[in-house]
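The block underneath contains the structure these notes are about, expressed in structure tokens.
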Amino acid sequence: MRFLKSWVLFVLGALTLLAALECAFRVLPTYSGLQPSQAPGDYPLRGYEASRPYGYSYGWAMLNPHRGMTNNYGHVAPFDFRAGSHPLIVAGDSYIESLMNDYRDTLQAMLGERLGGRPVYGLGLSGLSASDYVELARRARAEFAPASAVFLITDGDFVESLSPRPGGWYLARRANELEPTYVPLTPSPVVQALRKTVGHSALYDYLRGNLKFSPGDVLRALGGGQGGPSPAMAAAVMSAQPTPAANDGGLIVDWFLAELPRVSGVTPACTVLLLDSDRYAIYEGRATLTPKESPGVRRRLLERGAALGFKVVDLGPLFVAEYSRSRRKLDHWPVDRHWNRRGHAVAADAVMAALFAGGLGTPCAPGTGPGQ
């Protein structure tokens with residue numbers, strides 16, 4: 001009897017603690033609200049669930065909080081996108097998604113302002129790579145008929161295109177060809193059961209979004225295999241993967257440069273390729289991380305892209321010049337490498353110089369039809 005009473009008191013205490021934590025986290029800025037779109041066939045054009053509020057903060061301390069709303073295409077923007085509007089599209093990964101900045105402080109917002117309110121659509125999602133960018137461009141062409149395009153290339157975008165990612169596109173080798181292949185996202189039964197039982201939980205948002213913890217992760221570590229691709233899909237993915245010796249970064253760059261104008265409908269002359277750099281190395285005067293891709297991959301993109309007529313911009317020297325002039329950080333140093341307002345402004349200056357140095361009387365100007 002005494003044991004049963006102790007157990008009941010323990011359970012009641014645990015439930016009280018969980019309830020208190022839940023109440024506390026409901027008023028704190030947890031990372032929450034961004035759920036994948038229910039239309040995987042349109043990914044990554046339609047990113048998250050549309051027209052839903054979200055919250056962002058970084059790490060256990062919930063640093064740099066921001067709140068906002070996804071638009072009708074499930075992207076982070078305070079306005080809806082319009083089909084057939086001939087915009088300038090800005091594509092990339094979490095740097096373009098830019099949850100850690102106010103929208104007005106992003107590359108796409110700055111370009112929209114400098115272009116007098118012409119349509120500029122930011123199409124950025126965390127985790128995207130070069131293979132995703134091609135599929136995004138394909139879908140954007142059918143939906144928006146863009147006049148011009150900007151693609152931000154960050155370290156790893158090419159080599160990561162060879163790695164299957166649940167809910168994303170990767171490059172599978174078929175004979176001598178690279179073929180974009182979609183890996184379905186299999187929802188975790190544990191998470192689904194929790195949502196059906198207790199509904200939305202701010203405590204779970206904190207554990208999952210800020211601490212990067214999930215019940216599905218624990219089950220996978222214990223061999224439960226819940227969440228992620230099914231075993232059959234995982235086996236098919238692994239059999240399609242090229243061996244490390246075949247992971248030719250130059251081949252992926254060539255594939256990307258050939259596919260991009262074909263699928264986007266935007267000529268190289270109206271397409272800007274922005275290459276990011278290690279800004280922490282600028283501040284500290286030494287390399288601060290090991291690049292995921294070899295210098296040869298970056299060099300090939302710069303040289304081959306320019307030879308094909310793309311507007312290729314290496315942001316490295318521009319970041320160096322801006323930091324030398326202002327001595328102000330270009331990102332959320334020292335906790336987050338994503339650009340801050342100053343970093344986005346350098347990129348916006350580069351795009352304007354590349355596409356609109358002579359004014360808006362060009363086929364690349366958004367709102368005027370597909371760039372020819």
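Naming works like this for the structure tokens: A, B, ... for the chains as they're shown, residue 1 at the start of each chain, ligands 1 onward in shown order.
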
Would you pick out the contacts of region 23-37 of chain A at 10 Å or less, using only C-alpha atoms, so that residues sharing its chain but fewer than 6 positions from it are not included, and give the list as a ChimeraX atom specification?
/A:17,43-50,52-70,73-76,99,167,185,200-211

Quick one: which region 105-134 of chain A residues come within 12 Å of region 251-274 of chain A, and what is the nearest atom pair for each with the distance in Å to one decimal, counting only C-alpha atoms, rows ordered by chain and ascending number, as a Markdown table?
```
| residue | atom | partner | partner_atom | distance |
| --- | --- | --- | --- | --- |
| A:Leu107 | CA | A:Leu274 | CA | 11.5 |
| A:Ser129 | CA | A:Phe256 | CA | 10.8 |
| A:Ala130 | CA | A:Phe256 | CA | 7.0 |
| A:Ser131 | CA | A:Phe256 | CA | 7.7 |
| A:Asp132 | CA | A:Phe256 | CA | 10.5 |
| A:Tyr133 | CA | A:Leu260 | CA | 8.4 |
| A:Val134 | CA | A:Leu260 | CA | 5.9 |
```

Take the residues just selected and output them with all heavy atoms as an mmCIF file, in the first residue's frame.
```cif
data_model
loop_
_atom_site.group_PDB
_atom_site.id
_atom_site.type_symbol
_atom_site.label_atom_id
_atom_site.label_comp_id
_atom_site.auth_asym_id
_atom_site.auth_seq_id
_atom_site.Cartn_x
_atom_site.Cartn_y
_atom_site.Cartn_z
ATOM 1 N N LEU A 107 17.499 39.190 -48.190
ATOM 2 C CA LEU A 107 17.878 39.491 -49.571
ATOM 3 C C LEU A 107 16.659 39.761 -50.436
ATOM 4 O O LEU A 107 16.607 40.753 -51.186
ATOM 5 C CB LEU A 107 18.697 38.315 -50.128
ATOM 6 C CG LEU A 107 18.951 38.268 -51.632
ATOM 7 C CD1 LEU A 107 19.726 39.490 -52.102
ATOM 8 C CD2 LEU A 107 19.712 36.984 -51.992
ATOM 9 N N SER A 129 19.474 21.415 -51.292
ATOM 10 C CA SER A 129 20.774 21.334 -51.962
ATOM 11 C C SER A 129 20.563 21.552 -53.453
ATOM 12 O O SER A 129 19.452 21.870 -53.894
ATOM 13 C CB SER A 129 21.441 19.986 -51.689
ATOM 14 O OG SER A 129 20.658 18.930 -52.213
ATOM 15 N N ALA A 130 21.606 21.376 -54.250
ATOM 16 C CA ALA A 130 21.532 21.679 -55.676
ATOM 17 C C ALA A 130 20.454 20.869 -56.393
ATOM 18 O O ALA A 130 19.776 21.369 -57.295
ATOM 19 C CB ALA A 130 22.899 21.442 -56.329
ATOM 20 N N SER A 131 20.286 19.608 -56.016
ATOM 21 C CA SER A 131 19.253 18.785 -56.649
ATOM 22 C C SER A 131 17.858 19.344 -56.354
ATOM 23 O O SER A 131 16.977 19.336 -57.229
ATOM 24 C CB SER A 131 19.359 17.339 -56.170
ATOM 25 O OG SER A 131 19.441 17.268 -54.763
ATOM 26 N N ASP A 132 17.650 19.847 -55.130
ATOM 27 C CA ASP A 132 16.372 20.469 -54.784
ATOM 28 C C ASP A 132 16.166 21.763 -55.568
ATOM 29 O O ASP A 132 15.041 22.079 -55.974
ATOM 30 C CB ASP A 132 16.321 20.771 -53.289
ATOM 31 C CG ASP A 132 16.320 19.533 -52.427
ATOM 32 O OD1 ASP A 132 15.367 18.755 -52.502
ATOM 33 O OD2 ASP A 132 17.299 19.351 -51.680
ATOM 34 N N TYR A 133 17.251 22.531 -55.766
ATOM 35 C CA TYR A 133 17.111 23.800 -56.482
ATOM 36 C C TYR A 133 16.605 23.580 -57.911
ATOM 37 O O TYR A 133 15.798 24.359 -58.422
ATOM 38 C CB TYR A 133 18.451 24.545 -56.539
ATOM 39 C CG TYR A 133 19.059 24.870 -55.203
ATOM 40 C CD1 TYR A 133 20.431 25.079 -55.084
ATOM 41 C CD2 TYR A 133 18.281 24.968 -54.052
ATOM 42 C CE1 TYR A 133 21.013 25.376 -53.862
ATOM 43 C CE2 TYR A 133 18.860 25.260 -52.823
ATOM 44 C CZ TYR A 133 20.227 25.453 -52.736
ATOM 45 O OH TYR A 133 20.803 25.738 -51.527
ATOM 46 N N VAL A 134 17.084 22.527 -58.546
ATOM 47 C CA VAL A 134 16.647 22.237 -59.915
ATOM 48 C C VAL A 134 15.158 21.893 -59.936
ATOM 49 O O VAL A 134 14.410 22.372 -60.792
ATOM 50 C CB VAL A 134 17.492 21.100 -60.518
ATOM 51 C CG1 VAL A 134 16.878 20.590 -61.818
ATOM 52 C CG2 VAL A 134 18.923 21.588 -60.774
#
```

Selection near Pro87 (chain A), 10 Å with only C-alpha atoms, sequence-local residues under 2 positions removed, as number ranges by chain:
A: 81-85, 89-90, 112, 118-122, 140, 144-149, 364-371

N, CA, C and O atoms of the current selection, written as an mmCIF file, in the first residue's frame:
```
data_model
loop_
_atom_site.group_PDB
_atom_site.id
_atom_site.type_symbol
_atom_site.label_atom_id
_atom_site.label_comp_id
_atom_site.auth_asym_id
_atom_site.auth_seq_id
_atom_site.Cartn_x
_atom_site.Cartn_y
_atom_site.Cartn_z
ATOM 1 N N PHE A 81 2.112 34.741 -52.770
ATOM 2 C CA PHE A 81 2.646 34.705 -54.124
ATOM 3 C C PHE A 81 1.493 34.575 -55.116
ATOM 4 O O PHE A 81 0.457 33.978 -54.809
ATOM 5 N N ARG A 82 1.691 35.110 -56.317
ATOM 6 C CA ARG A 82 0.663 35.051 -57.347
ATOM 7 C C ARG A 82 1.171 34.246 -58.542
ATOM 8 O O ARG A 82 2.280 34.483 -59.042
ATOM 9 N N ALA A 83 0.367 33.309 -58.995
ATOM 10 C CA ALA A 83 0.728 32.505 -60.161
ATOM 11 C C ALA A 83 0.835 33.408 -61.387
ATOM 12 O O ALA A 83 0.089 34.375 -61.544
ATOM 13 N N GLY A 84 1.794 33.085 -62.271
ATOM 14 C CA GLY A 84 1.949 33.811 -63.525
ATOM 15 C C GLY A 84 2.391 35.242 -63.380
ATOM 16 O O GLY A 84 2.167 36.054 -64.286
ATOM 17 N N SER A 85 3.060 35.583 -62.278
ATOM 18 C CA SER A 85 3.390 36.985 -62.009
ATOM 19 C C SER A 85 4.776 37.394 -62.510
ATOM 20 O O SER A 85 5.180 38.534 -62.321
ATOM 21 N N ILE A 89 12.837 35.163 -58.720
ATOM 22 C CA ILE A 89 12.825 34.174 -57.642
ATOM 23 C C ILE A 89 14.208 34.113 -56.996
ATOM 24 O O ILE A 89 15.230 34.214 -57.675
ATOM 25 N N VAL A 90 14.226 33.977 -55.683
ATOM 26 C CA VAL A 90 15.466 33.873 -54.913
ATOM 27 C C VAL A 90 15.424 32.521 -54.206
ATOM 28 O O VAL A 90 14.629 32.326 -53.284
ATOM 29 N N GLY A 112 13.123 43.421 -53.482
ATOM 30 C CA GLY A 112 11.783 43.917 -53.785
ATOM 31 C C GLY A 112 11.668 45.410 -53.580
ATOM 32 O O GLY A 112 11.059 46.126 -54.388
ATOM 33 N N ARG A 118 8.310 45.521 -57.405
ATOM 34 C CA ARG A 118 8.088 44.429 -58.369
ATOM 35 C C ARG A 118 8.169 43.098 -57.640
ATOM 36 O O ARG A 118 8.826 42.976 -56.604
ATOM 37 N N PRO A 119 7.533 42.045 -58.181
ATOM 38 C CA PRO A 119 7.471 40.771 -57.445
ATOM 39 C C PRO A 119 8.832 40.096 -57.301
ATOM 40 O O PRO A 119 9.518 39.829 -58.286
ATOM 41 N N VAL A 120 9.215 39.853 -56.063
ATOM 42 C CA VAL A 120 10.428 39.109 -55.730
ATOM 43 C C VAL A 120 10.019 38.051 -54.707
ATOM 44 O O VAL A 120 9.540 38.398 -53.630
ATOM 45 N N TYR A 121 10.201 36.787 -55.059
ATOM 46 C CA TYR A 121 9.735 35.695 -54.213
ATOM 47 C C TYR A 121 10.915 34.922 -53.640
ATOM 48 O O TYR A 121 11.726 34.366 -54.383
ATOM 49 N N GLY A 122 10.999 34.886 -52.318
ATOM 50 C CA GLY A 122 12.013 34.078 -51.658
ATOM 51 C C GLY A 122 11.542 32.647 -51.525
ATOM 52 O O GLY A 122 10.520 32.375 -50.894
ATOM 53 N N ALA A 140 8.720 26.235 -60.213
ATOM 54 C CA ALA A 140 8.509 27.679 -60.255
ATOM 55 C C ALA A 140 8.212 28.152 -61.681
ATOM 56 O O ALA A 140 7.428 29.080 -61.886
ATOM 57 N N PHE A 144 4.993 30.253 -61.870
ATOM 58 C CA PHE A 144 5.193 31.709 -61.864
ATOM 59 C C PHE A 144 5.732 32.285 -63.169
ATOM 60 O O PHE A 144 5.639 33.485 -63.380
ATOM 61 N N ALA A 145 6.351 31.465 -64.035
ATOM 62 C CA ALA A 145 7.040 31.956 -65.234
ATOM 63 C C ALA A 145 8.005 33.082 -64.873
ATOM 64 O O ALA A 145 7.843 34.232 -65.293
ATOM 65 N N PRO A 146 9.026 32.797 -64.065
ATOM 66 C CA PRO A 146 9.904 33.866 -63.563
ATOM 67 C C PRO A 146 10.651 34.593 -64.665
ATOM 68 O O PRO A 146 11.008 34.013 -65.697
ATOM 69 N N ALA A 147 10.895 35.878 -64.424
ATOM 70 C CA ALA A 147 11.658 36.694 -65.365
ATOM 71 C C ALA A 147 13.154 36.561 -65.121
ATOM 72 O O ALA A 147 13.959 36.720 -66.032
ATOM 73 N N SER A 148 13.521 36.294 -63.870
ATOM 74 C CA SER A 148 14.934 36.178 -63.509
ATOM 75 C C SER A 148 15.027 35.338 -62.245
ATOM 76 O O SER A 148 14.022 35.073 -61.574
ATOM 77 N N ALA A 149 16.258 34.931 -61.931
ATOM 78 C CA ALA A 149 16.425 34.021 -60.798
ATOM 79 C C ALA A 149 17.767 34.247 -60.117
ATOM 80 O O ALA A 149 18.758 34.593 -60.765
ATOM 81 N N CYS A 364 15.272 40.875 -67.855
ATOM 82 C CA CYS A 364 15.425 40.274 -66.527
ATOM 83 C C CYS A 364 14.559 40.947 -65.472
ATOM 84 O O CYS A 364 14.433 40.427 -64.358
ATOM 85 N N ALA A 365 13.995 42.099 -65.779
ATOM 86 C CA ALA A 365 13.216 42.831 -64.788
ATOM 87 C C ALA A 365 11.952 42.061 -64.429
ATOM 88 O O ALA A 365 11.209 41.639 -65.309
ATOM 89 N N PRO A 366 11.695 41.821 -63.135
ATOM 90 C CA PRO A 366 10.507 41.062 -62.762
ATOM 91 C C PRO A 366 9.226 41.790 -63.136
ATOM 92 O O PRO A 366 9.179 43.022 -63.189
ATOM 93 N N GLY A 367 8.206 41.012 -63.439
ATOM 94 C CA GLY A 367 6.928 41.556 -63.851
ATOM 95 C C GLY A 367 6.835 41.804 -65.341
ATOM 96 O O GLY A 367 5.792 42.265 -65.825
ATOM 97 N N THR A 368 7.914 41.452 -66.096
ATOM 98 C CA THR A 368 7.922 41.767 -67.520
ATOM 99 C C THR A 368 7.890 40.523 -68.403
ATOM 100 O O THR A 368 7.964 40.638 -69.615
ATOM 101 N N GLY A 369 7.807 39.351 -67.826
ATOM 102 C CA GLY A 369 7.784 38.121 -68.615
ATOM 103 C C GLY A 369 9.071 37.347 -68.431
ATOM 104 O O GLY A 369 10.058 37.860 -67.899
ATOM 105 N N PRO A 370 9.074 36.070 -68.843
ATOM 106 C CA PRO A 370 10.246 35.224 -68.653
ATOM 107 C C PRO A 370 11.481 35.842 -69.262
ATOM 108 O O PRO A 370 11.458 36.363 -70.371
ATOM 109 N N GLY A 371 12.595 35.784 -68.515
ATOM 110 C CA GLY A 371 13.852 36.342 -68.998
ATOM 111 C C GLY A 371 14.375 35.611 -70.211
ATOM 112 O O GLY A 371 14.514 34.402 -70.207
#
```

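Of the residues listed (A:Ile96, A:Asp248, A:Tyr280, A:Pro78), A:Ile96 shows the shortest atom-to-atom separation from Arg341 (chain A); distances use only C-alpha atoms.
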
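Comparing the minimum interatomic distances between Leu88 (chain A) and each of A:Leu162, A:Leu171, A:Met352, A:Ala357, counting only C-alpha atoms, we find that A:Met352 sits nearest.
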
In Å, how far is it from CA of Val346 (chain A) to CA of Phe319 (chain A)?
7.1 Å

Taking the DSSP assignment computed from this structure's backbone, write out as JSON, numbers by chain all residues of region 124-209 of chain A that belong to alpha helix (DSSP H).
{"A": [130, 131, 132, 133, 134, 135, 136, 137, 138, 139, 140, 141, 142, 143, 144, 189, 190, 191, 192, 193, 194, 195, 196, 197, 198, 202, 203, 204, 205]}

Got a sec: who's within 8 Å of Asp155 (chain A), counting only C-alpha atoms, leaving out chain neighbours fewer than 4 positions off, as an NGL selection string?
:A and (276-277 or 291-293)

Output N, CA and C atoms for every residue in the selection just made, as a compact mmCIF listing (two decimals), in the first residue's frame.
```txt
# COMPACT_ATOMS: atom_id res chain seq x y z
N ASP A 276 28.48 31.62 -51.45
CA ASP A 276 28.77 32.05 -50.09
C ASP A 276 30.22 31.73 -49.73
N SER A 277 30.68 32.25 -48.60
CA SER A 277 32.04 31.97 -48.14
C SER A 277 32.05 31.87 -46.62
N PRO A 291 35.95 22.67 -45.38
CA PRO A 291 34.91 22.71 -46.40
C PRO A 291 34.41 21.31 -46.75
N LYS A 292 33.12 21.23 -47.03
CA LYS A 292 32.54 19.96 -47.44
C LYS A 292 32.93 19.62 -48.88
N GLU A 293 33.24 20.65 -49.66
CA GLU A 293 33.58 20.44 -51.07
C GLU A 293 34.97 20.97 -51.36
```

Using only C-alpha atoms, which of the listed residues (A:Val8, A:Gly117, A:Gly316, A:Leu123) sits closest to Arg139 (chain A)?
A:Leu123

Enumerate, as JSON, numbers by chain, the complete set of residues in region 310-366 of chain A that a backbone-based DSSP assignment places in strand (DSSP E).
{"A": [311, 312, 313, 314, 331, 332, 336, 337, 338, 339]}

Take CA of Asn176 (chain A) and CA of Gly92 (chain A) and report the distance between them in Å, one decimal.
27.3 Å

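Here the question is which of A:Lys311, A:Arg141, A:His86, A:Arg304 gets nearest to Ala350 (chain A) using only C-alpha atoms, and that residue is A:Lys311.
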